[in-house]
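Student: Can you read through this structure? Questions will come right after.
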Amino acid sequence: MIGENLMSPKFAIALLAVVAVAGCASAPKSNAQLDSARQAYKTAVADAQVARTAPVELYNAEASLRQGERLLQEGAEPAQVEHYAYLAERRTATAVEVAKLAAAEEAIRNAGMERDLLLIESRTREADAATRRAAEEAQRAQAARQEATEIAERAKKLEAQVAALKAKPTDRGLVLTLGDVLFDVGKATLKPGALRTIDQLATFMREQAGRKVLIEGYTDSIGSDEFNLRLSEDRARAVRYALIDRQVAPDRLLTRGYGKMYPVATNDTAAGRQQNRRVEIVISDLNGVLPNARR
Amino acid sequence: MFSTVTKKLTAAVSIAAAALLAAGCASKGAPPLEQMATARASINQAEGARAREFAPVELLAAREKLAEAESATQRKEFGAARALAEKAEADASLAEAKARAVSAQNTVQDLQRSIATLRQEIERRAK
């Protein structure tokens, strides 16, 4: 028996028997876990994103898969085959995670750009809004300046008007005096010379819409009290009618006659008496407040 | 005659053993120090990528398998230990990759939230 060839059929059968007893029988040519791993791998490799971003991980997975398949074909124990099936499945899963990471990093880049653009837009809008507000501010300031200028001009004009009127400021207010020469002697009719003053006063009243006037007539002491009182009232009214003729509202024009009362000069001289024969026009403030009439 | 049978049996067993080895059924060899070191390094890397937070299951699996590999080594079951170490390394690599992916995805969400907020701000100010 010693001389027999070791590879004789008898020997081969014996060998097979030992191998079978050792438990390394030819395994079934399929393995569920390996199939599952193969399926997972095929899915992953078919995904363009995974194939593009995780080629190394896919290669490692495939190597494990091939190892498992080789062992399966060689009839290895299921445990052996499944070891490589496990490794293949884990490495495939790793490849998928690497692809997810790549996708997330790209999303981060895009989001970063989007946020930068939004920040720029936000700042641009803020800048525009600030510019607009500044322009509006400037406009308002300009308008305010203009208004101030206009007010100043109106005030100047008013001063000029008042000055033109030759009205004197007194403790009773602005007083415009129409002298005796502006009336016919002993009568209440206005001479042409008075009309210029009346016109100026009418213009003043039109432009100073809130003002009122108190027209007060005075005489000298010659003649009866009754006559003088009557004359002074008539003269005051004559001025009133002249202003009404010039479109000044009647309710803005009050009249009083004082006769010989409240002289401004002595009645002993002709000059003094002439001064006493007058009509005083007291001009109210801007709100139409007049001093009380004299007693 | 008996010695011849013994010799043949021995030869058969040797060949069978060789066949077993060739079939990959062997359980003997050296302790799988290299594989365990690799697994340990992968686990550390996964920790570094915050796998504890973002891939705890996979990380734990890796740790457990490595611990089992170490016990198997103690019991001189080197084949089993080696297989466990390889599995542990694969688990740890997956844990690391997953942790990085989850972390990046969280960043994406944060960015998208801040973009939405920014848009709302812009809309609000435009009124």
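Chains: A, B, ... in order of the structure tokens. Residues: from 1 per chain. Ligands: from 1, in order shown.
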List every residue of region 107-275 of chain A that DSSP, applied to the backbone of this structure, assigns to strand (DSSP E or B), and report them as a list in words.

Tutor: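 Those in region 107-275 of chain A that DSSP calls strand (DSSP E or B) are Lys168, Pro169, Thr170, Gly173, Leu174, Val175, Leu176, Thr177, Leu178, Gly179, Phe183, Leu190, Val213, Leu214, Ile215, Glu216, Gly217, Tyr218, Leu253, Leu254, Thr255, Arg256 and Gly257 of chain A.
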
Student: Okay, now the selection with C-alpha atoms, as a compact mmCIF listing (two decimals), in the first residue's frame?

Tutor:
```txt
# COMPACT_ATOMS: atom_id res chain seq x y z
CA LYS A 168 -47.94 155.26 14.45
CA PRO A 169 -47.67 152.68 17.19
CA THR A 170 -49.37 153.94 20.32
CA GLY A 173 -52.21 149.99 18.83
CA LEU A 174 -51.25 151.24 15.39
CA VAL A 175 -52.98 154.53 14.71
CA LEU A 176 -53.38 156.13 11.32
CA THR A 177 -54.40 159.78 11.42
CA LEU A 178 -56.34 161.55 8.69
CA GLY A 179 -55.91 165.26 9.10
CA PHE A 183 -62.11 166.80 4.56
CA LEU A 190 -63.50 163.29 1.84
CA VAL A 213 -60.21 149.00 12.47
CA LEU A 214 -61.83 151.42 14.86
CA ILE A 215 -62.44 154.75 13.05
CA GLU A 216 -62.68 157.59 15.51
CA GLY A 217 -63.68 161.12 14.60
CA TYR A 218 -62.59 164.24 16.59
CA LEU A 253 -64.98 148.61 10.36
CA LEU A 254 -66.19 150.19 13.61
CA THR A 255 -66.82 153.90 14.00
CA ARG A 256 -67.07 156.34 16.89
CA GLY A 257 -67.39 160.08 17.19
```

Student: Taking only C-alpha atoms into account, produce a table as a Markdown table in which each residue of chain A with an atom at most 6 Å from an atom of chain B appears once, together with its shortest atom pair and the distance in Å to one decimal, ordered by chain and rising number.

Tutor:
```
| residue | atom | partner | partner_atom | distance |
| --- | --- | --- | --- | --- |
| A:Leu15 | CA | B:Ala12 | CA | 5.8 |
| A:Val19 | CA | B:Ala16 | CA | 5.8 |
| A:Ala76 | CA | B:Ala23 | CA | 5.9 |
| A:Arg90 | CA | B:Ala90 | CA | 5.9 |
| A:Thr94 | CA | B:Leu94 | CA | 4.7 |
| A:Glu97 | CA | B:Lys98 | CA | 5.3 |
| A:Val98 | CA | B:Ala97 | CA | 5.9 |
| A:Lys100 | CA | B:Ala101 | CA | 5.8 |
| A:Leu101 | CA | B:Ala101 | CA | 4.2 |
| A:Ala104 | CA | B:Gln105 | CA | 5.5 |
| A:Ile108 | CA | B:Val108 | CA | 5.4 |
| A:Arg115 | CA | B:Ile115 | CA | 5.7 |
| A:Ser122 | CA | B:Ile122 | CA | 5.8 |
```

Student: Pull the helix (DSSP H, G or I) assignments for region 77-244 of chain A out of DSSP run on the backbone, and list those residues as a PyMOL selection string.

Tutor: chain A and resi 78-165+180-182+192-207+225-244

Student: Could you pull the residues within 12 Å of Ala85 (chain B), counting only C-alpha atoms, minus those fewer than 4 positions along the same chain, as an MDAnalysis selection string?

Tutor: (chainID A and resid 83 87) or (chainID B and resid 31:43 61:73 78:81 89:92)

Student: Can I get the selected residues back with C-alpha atoms, as a compact mmCIF listing (two decimals), in the first residue's frame?

Tutor:
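Below you can see result_17.txt, which holds the result:
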```txt
# COMPACT_ATOMS: atom_id res chain seq x y z
CA HIS A 83 -18.23 37.89 6.52
CA LEU A 87 -18.02 44.04 4.76
CA PRO B 31 -3.06 37.11 16.46
CA PRO B 32 -4.60 39.73 14.15
CA LEU B 33 -2.66 42.67 15.65
CA GLU B 34 -2.61 44.67 12.43
CA GLN B 35 -6.36 44.36 11.85
CA MET B 36 -7.12 45.32 15.45
CA ALA B 37 -4.81 48.33 15.26
CA THR B 38 -6.54 49.45 12.06
CA ALA B 39 -9.94 49.01 13.68
CA ARG B 40 -8.84 51.00 16.70
CA ALA B 41 -7.53 53.82 14.50
CA SER B 42 -10.80 53.91 12.52
CA ILE B 43 -12.78 54.12 15.74
CA ALA B 61 -21.22 48.31 16.93
CA ALA B 62 -17.58 48.96 16.03
CA ARG B 63 -16.54 49.23 19.68
CA GLU B 64 -18.36 46.05 20.63
CA LYS B 65 -16.85 44.05 17.83
CA LEU B 66 -13.36 45.26 18.68
CA ALA B 67 -13.91 44.26 22.31
CA GLU B 68 -15.07 40.84 21.15
CA ALA B 69 -12.01 40.58 18.90
CA GLU B 70 -9.79 41.29 21.90
CA SER B 71 -11.51 38.57 23.97
CA ALA B 72 -11.27 36.14 21.08
CA THR B 73 -7.54 36.91 20.84
CA PHE B 78 -7.33 34.23 16.04
CA GLY B 79 -9.49 33.53 13.01
CA ALA B 80 -12.62 34.75 14.75
CA ALA B 81 -10.71 37.70 16.22
CA GLU B 89 -13.11 48.59 11.03
CA ALA B 90 -15.93 48.57 8.45
CA ASP B 91 -18.41 49.69 11.11
CA ALA B 92 -16.10 52.48 12.26
```

Student: Mind giving me the straight-line distance from CA of Gln139 (chain A) to CA of Ala127 (chain A) in Å, one decimal?

Tutor: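 One can read the CA of Gln139 (chain A) to CA of Ala127 (chain A) distance as 18.0 Å.
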